[in-house]
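Down below is the structure, laid out as structure tokens.
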Amino acid sequence: MVSVKPAGRAGDIRLAYALLSPALLLLAVVIAYPVGWEVWTSLTDLSPLKDGSTGFVGLANYRRLLADATFWQAALVTVVYAAVTSAGKLALGLGFALLLARPFRGRALVFLAIFLPWAYPAGVSVIGWYWTLNPPTITAYAPFMGQLKYAVDGTFGIGAWAFASVMLFNIWRGSSFIAVLLLAGINAIPQELFECALLESRSAWRRFRLVTVPLLKPFLALGVFLSLTSAFADLSNVWMLTAGRIVFPVIGTHAYWLVIKAGQYGPASALSLTLVPFLLAVLLVLFRLFDPPQERSTA
Amino acid sequence: MVIERRWKKWVFFYIPLTVFVLGTLFPFYWMFVTAIRPDAELYRSWRAVNNAPFWTLQPTLEHFRDLMAKTMFPQWLWNTFFIAVISTAISLACGLLAGYALARLKFPMAGALGTSIFVTYLVPPTLLFIPLADIVRDFQLGNTPWALILTYPTFLIPFSTWLLMGYFKTIPKELEECARIDGATRFGAMTRIIFPIAVPGILSAGIFAFTLSWNEFIYALIFLSSPERKTVPVGVVSELIRGDIYFWGQLMAGALLGSIPVALVYSFFVEYYVTGLTGSVKG
């Protein structure tokens, strides 16, 4: 060990701040300031389409939101969307990871195939999905897909097909990432533990439940966390996959619509800020649930 | 090891594996088939004779040619590349320094600063696009690449800081301590000993930052308006889908051409990415 002189320690502190300053400065400009601006705007009636000065309206935007049925619908859709896609991603991702955990011939290729949906730019793989699910009316298999769409929409209501396709896309893409993450987790578990477990119990399910799952906990937590937060705040996937014709708006698309189409900055800011409690709730629950000190030290 | 019966292996291993892999790859296959299918075959009735829905008998490169010659696709490729390179360079430089400080130096508030950088990674574009749109308008950056170069660090800096911090933690402290005993300053040890060792980590952080900005959609959709300024994802989606007139063949060709290299590079570096990610979980 090097004995650190007091002067050296002060030097370290100065160096640390010097090294951090570019990142912090830029983040302050592009994150802290915008979030502050947004909080302020949500209390005003700012709109580029409106003449005259911008007025302070207090909590009126929030009050109007809470009284608005479309907001509650969007919030409900957002929660359902996040819950269903996260459950799907986790189940499929865990399945992939367990299948890939043991060596077999061609494993590297299968791994690449499974990783591809996530590695591929979402912006364009979404097009592949859109084309597959909503072909132009004159194409070969359009009648078949059309019938499927009408059957789904007829059973669950107009727009159900589009919404289901967004969820499918999200699960398809996200499970690929969760699989890679969980596979890394499984590989990090010492092999002897599995061998011990094999001696203890012949039931694969018991081994899975009592050994694999507890050891994978931090990875599962990280996976659930990333998946829930990205789904809550999803905007691009829903927007692209429905080509902007949104029947079931989520909070993100609703806010986008308010800004871009209606120019209502105030209400839109209030709306997108309603995501914050969602995000904080997920953050808190997961930090509580899974080894807070460990995760803290890394964050 | 317990020897499992053969049918069990099929039911629990080969069959689910095959189904999964076919499921994940099908959309890519479909994009590919559509891209090489001639228009005459794309747009015709479903009951036509010799209809082969899942493959094509006359593969053609016509859509790729059209894409390069008749659309602004080459321009979009260049725009995307330019924006991705500059924003990656900026974010990587910031992340490198910040990541080192957070991983190696002891200073008051280190924990709090680390947490806050981590939290900024979780601030979604959905929350930020409204104020950023206003800032971009105020500075008259709308419809220029600089609007994106300035906004992409919102997710690139936290991301690369996080990844590099994990990487720095894997480098033994002793290396640096040796250098300091030999008379190097802290800064000298950092630039001449640690950074060279961290090159693989820096490289992978750079590649991931590059692909993240290559894939970005929302900011690019909001801040760029004229067709010749667009990036690949936005250009392909907004310029090749016009109302009910589709250029499906070109669309699919564009979706393939702009992304395969990125996806491949991504796949080769996945190990580094996962190490960085899990390294920060294990602490």
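Naming scheme: A, B, ... for chains in displayed order of the structure tokens; residues 1 onward per chain; ligands 1 onward as shown.
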TODO: Determine which residues of range 93-262 of chain B DSSP labels as strand (DSSP E or B) from the backbone of this structure, then write them out as an NGL selection string.
DONE: :B and (241-242 or 245-246)
TODO: Pick out the residues sitting within 9 Å of Ala270 in chain A, and hand them over as a PyMOL selection string; count only C-alpha atoms, and ignore anything fewer than 2 positions along from it in its own chain.
DONE: chain A and resi 38-39+41-43+61-62+65+255+265-268+272-274
TODO: Could you check how far CA of Gly263 in chain A sits from CA of Thr54 in chain A, in Å to one decimal?
DONE: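 Separation of CA of Gly263 in chain A and CA of Thr54 in chain A: 13.3 Å.
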Open item on the list: Just list as a PyMOL selection string whatever in range 2-125 of chain A DSSP marks as helix (DSSP H, G or I).
Closed with: chain A and resi 6-41+60-66+69-101+107-119+122-125
TODO: Compare B:Gly249, B:Gly258, B:Gly99, B:Gly183 by their minimum atom-to-atom distance to Pro38 in chain B, counting only C-alpha atoms, and give me the closest one.
DONE: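 Among the listed residues, the smallest separation from Pro38 in chain B belongs to B:Gly249.
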Task: Proximity to Gly95 in chain A - best of B:Leu150, B:Val21, B:Ile117, B:Val270, only C-alpha atoms - done: B:Val21
- [ ] Would you please work out which residue, of B:Val136, B:Leu156, B:Pro27, B:Cys178, is nearest to Phe169 in chain A when using only C-alpha atoms?
- [x] B:Pro27
- [ ] Could you give me, as number ranges by chain, the residues within 7 Å of Ile149 in chain B, counting only C-alpha atoms and dropping anything in the same chain fewer than 5 positions from it?
- [x] B: 83, 86-87
Selection file, C-alpha atoms, as a PDB file, in the first residue's frame:
ATOM      1  CA  ILE B  83     -23.922  12.292 -35.638  1.00  0.00           C
ATOM      2  CA  ILE B  86     -19.246  12.988 -32.774  1.00  0.00           C
ATOM      3  CA  SER B  87     -21.722  12.349 -29.978  1.00  0.00           C
TER       4      SER B  87
END
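You can rank A:Val124, A:Arg102, A:Phe115, A:Val80 by their closest distance to Gly235 in chain B using only C-alpha atoms, and at the top of that list sits A:Val124.
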Using only C-alpha atoms, which protein or nucleic acid residues come within 12 Å of range 11-19 of chain A? Drop anything in the same chain fewer than 5 positions from it, and give the result as a compact mmCIF listing (two decimals) with N, CA and C atoms, in the first residue's frame.
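The result, written out as out.txt:
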# COMPACT_ATOMS: atom_id res chain seq x y z
N VAL A 4 -0.73 7.46 1.91
CA VAL A 4 -1.18 8.66 1.21
C VAL A 4 -1.02 9.86 2.13
N LYS A 5 -0.25 10.81 1.67
CA LYS A 5 -0.07 12.02 2.47
C LYS A 5 -1.34 12.86 2.41
N PRO A 6 -1.55 13.70 3.43
CA PRO A 6 -2.75 14.55 3.41
C PRO A 6 -2.82 15.39 2.14
N LEU A 24 -20.44 16.11 -15.56
CA LEU A 24 -21.49 16.74 -14.76
C LEU A 24 -22.03 18.00 -15.42
N LEU A 25 -21.11 18.75 -16.02
CA LEU A 25 -21.52 20.00 -16.66
C LEU A 25 -22.50 19.72 -17.80
N ALA B 93 -15.33 10.65 -23.96
CA ALA B 93 -14.33 11.45 -23.25
C ALA B 93 -14.84 11.78 -21.85
N CYS B 94 -16.07 12.22 -21.75
CA CYS B 94 -16.65 12.56 -20.45
C CYS B 94 -16.75 11.33 -19.57
N GLY B 95 -17.22 10.24 -20.15
CA GLY B 95 -17.44 9.03 -19.38
C GLY B 95 -16.15 8.42 -18.89
N LEU B 96 -15.10 8.53 -19.69
CA LEU B 96 -13.80 7.97 -19.32
C LEU B 96 -13.28 8.64 -18.05
N LEU B 97 -13.28 9.96 -18.07
CA LEU B 97 -12.76 10.69 -16.92
C LEU B 97 -13.64 10.47 -15.70
N ALA B 98 -14.95 10.59 -15.89
CA ALA B 98 -15.87 10.45 -14.76
C ALA B 98 -15.83 9.03 -14.21
N GLY B 99 -15.78 8.06 -15.11
CA GLY B 99 -15.76 6.67 -14.67
C GLY B 99 -14.52 6.37 -13.84
N TYR B 100 -13.39 6.90 -14.26
CA TYR B 100 -12.16 6.69 -13.50
C TYR B 100 -12.28 7.31 -12.11
N ALA B 101 -12.75 8.54 -12.07
CA ALA B 101 -12.87 9.23 -10.78
C ALA B 101 -13.79 8.44 -9.84
N LEU B 102 -14.89 7.95 -10.36
CA LEU B 102 -15.86 7.27 -9.50
C LEU B 102 -15.34 5.90 -9.08
N ALA B 103 -14.56 5.25 -9.93
CA ALA B 103 -14.11 3.91 -9.59
C ALA B 103 -12.89 3.94 -8.67
N ARG B 104 -12.03 4.95 -8.81
CA ARG B 104 -10.73 4.88 -8.17
C ARG B 104 -10.44 5.93 -7.11
N LEU B 105 -11.03 7.09 -7.20
CA LEU B 105 -10.63 8.16 -6.29
C LEU B 105 -11.60 8.23 -5.12
N LYS B 106 -11.03 8.52 -3.94
CA LYS B 106 -11.89 8.69 -2.77
C LYS B 106 -12.13 10.18 -2.59
N PHE B 107 -13.37 10.56 -2.60
CA PHE B 107 -13.66 11.97 -2.38
C PHE B 107 -15.06 12.09 -1.80
N PRO B 108 -15.31 13.18 -1.07
CA PRO B 108 -16.62 13.31 -0.45
C PRO B 108 -17.71 13.33 -1.52
N MET B 109 -18.83 12.73 -1.23
CA MET B 109 -19.98 12.69 -2.14
C MET B 109 -19.76 11.76 -3.33
N ALA B 110 -18.72 10.91 -3.28
CA ALA B 110 -18.49 10.01 -4.41
C ALA B 110 -19.73 9.15 -4.64
N LEU B 113 -22.72 11.20 -6.04
CA LEU B 113 -22.54 11.57 -7.44
C LEU B 113 -22.71 10.37 -8.35
N THR B 161 -20.24 6.11 -18.67
CA THR B 161 -19.64 6.24 -17.34
C THR B 161 -19.85 4.95 -16.55
N THR B 185 2.71 10.65 -10.95
CA THR B 185 1.63 11.34 -10.27
C THR B 185 0.35 10.54 -10.49
N ARG B 186 -0.68 10.87 -9.75
CA ARG B 186 -1.97 10.21 -9.91
C ARG B 186 -2.46 10.34 -11.36
N PHE B 187 -2.33 11.54 -11.88
CA PHE B 187 -2.80 11.80 -13.24
C PHE B 187 -1.95 11.03 -14.26
N GLY B 188 -0.64 11.01 -14.00
CA GLY B 188 0.26 10.29 -14.89
C GLY B 188 -0.04 8.81 -14.88
N MET B 190 -2.82 7.46 -14.25
CA MET B 190 -4.10 7.26 -14.90
C MET B 190 -3.92 7.23 -16.43
N THR B 191 -3.23 8.24 -16.96
CA THR B 191 -3.16 8.33 -18.41
C THR B 191 -2.18 7.33 -19.00
Open item on the list: One number please: CA of Leu57 in chain B to CA of Phe32 in chain B, in Å, one decimal.
Closed with: 13.7 Å
Task: Of the listed residues A:Arg173, A:Lys89, A:Arg105, A:Arg288, that which approaches Ala122 in chain A most closely, counting only C-alpha atoms - done: A:Arg173
Task: Proximity to Leu226 in chain A - best of A:Phe177, A:Trp40, A:Phe156, A:Tyr33, only C-alpha atoms - done: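 Checking each candidate against Leu226 in chain A, we get A:Phe177 as the closest.
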Any idea what's packed within 8 Å of range 261-268 of chain B, counting only C-alpha atoms, ignoring anything in its chain fewer than 6 positions away? Could you give it as a PDB file with C-alpha atoms, in the first residue's frame?
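Produced file part32.pdb, reproduced below:
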ATOM      1  CA  LEU A 112     -26.015 -14.914 -31.820  1.00  0.00           C
ATOM      2  CA  PHE A 115     -29.090 -11.864 -29.325  1.00  0.00           C
ATOM      3  CA  LEU A 116     -29.868 -10.438 -32.756  1.00  0.00           C
ATOM      4  CA  ALA A 119     -28.620  -5.900 -31.267  1.00  0.00           C
ATOM      5  CA  TYR A 120     -30.656  -4.884 -34.292  1.00  0.00           C
ATOM      6  CA  PRO A 121     -31.724  -1.228 -34.351  1.00  0.00           C
TER       7      PRO A 121
ATOM      8  CA  ILE B 207     -19.056   0.740 -29.896  1.00  0.00           C
ATOM      9  CA  PHE B 208     -22.131   0.503 -27.727  1.00  0.00           C
ATOM     10  CA  THR B 211     -24.870   1.814 -31.848  1.00  0.00           C
TER      11      THR B 211
END
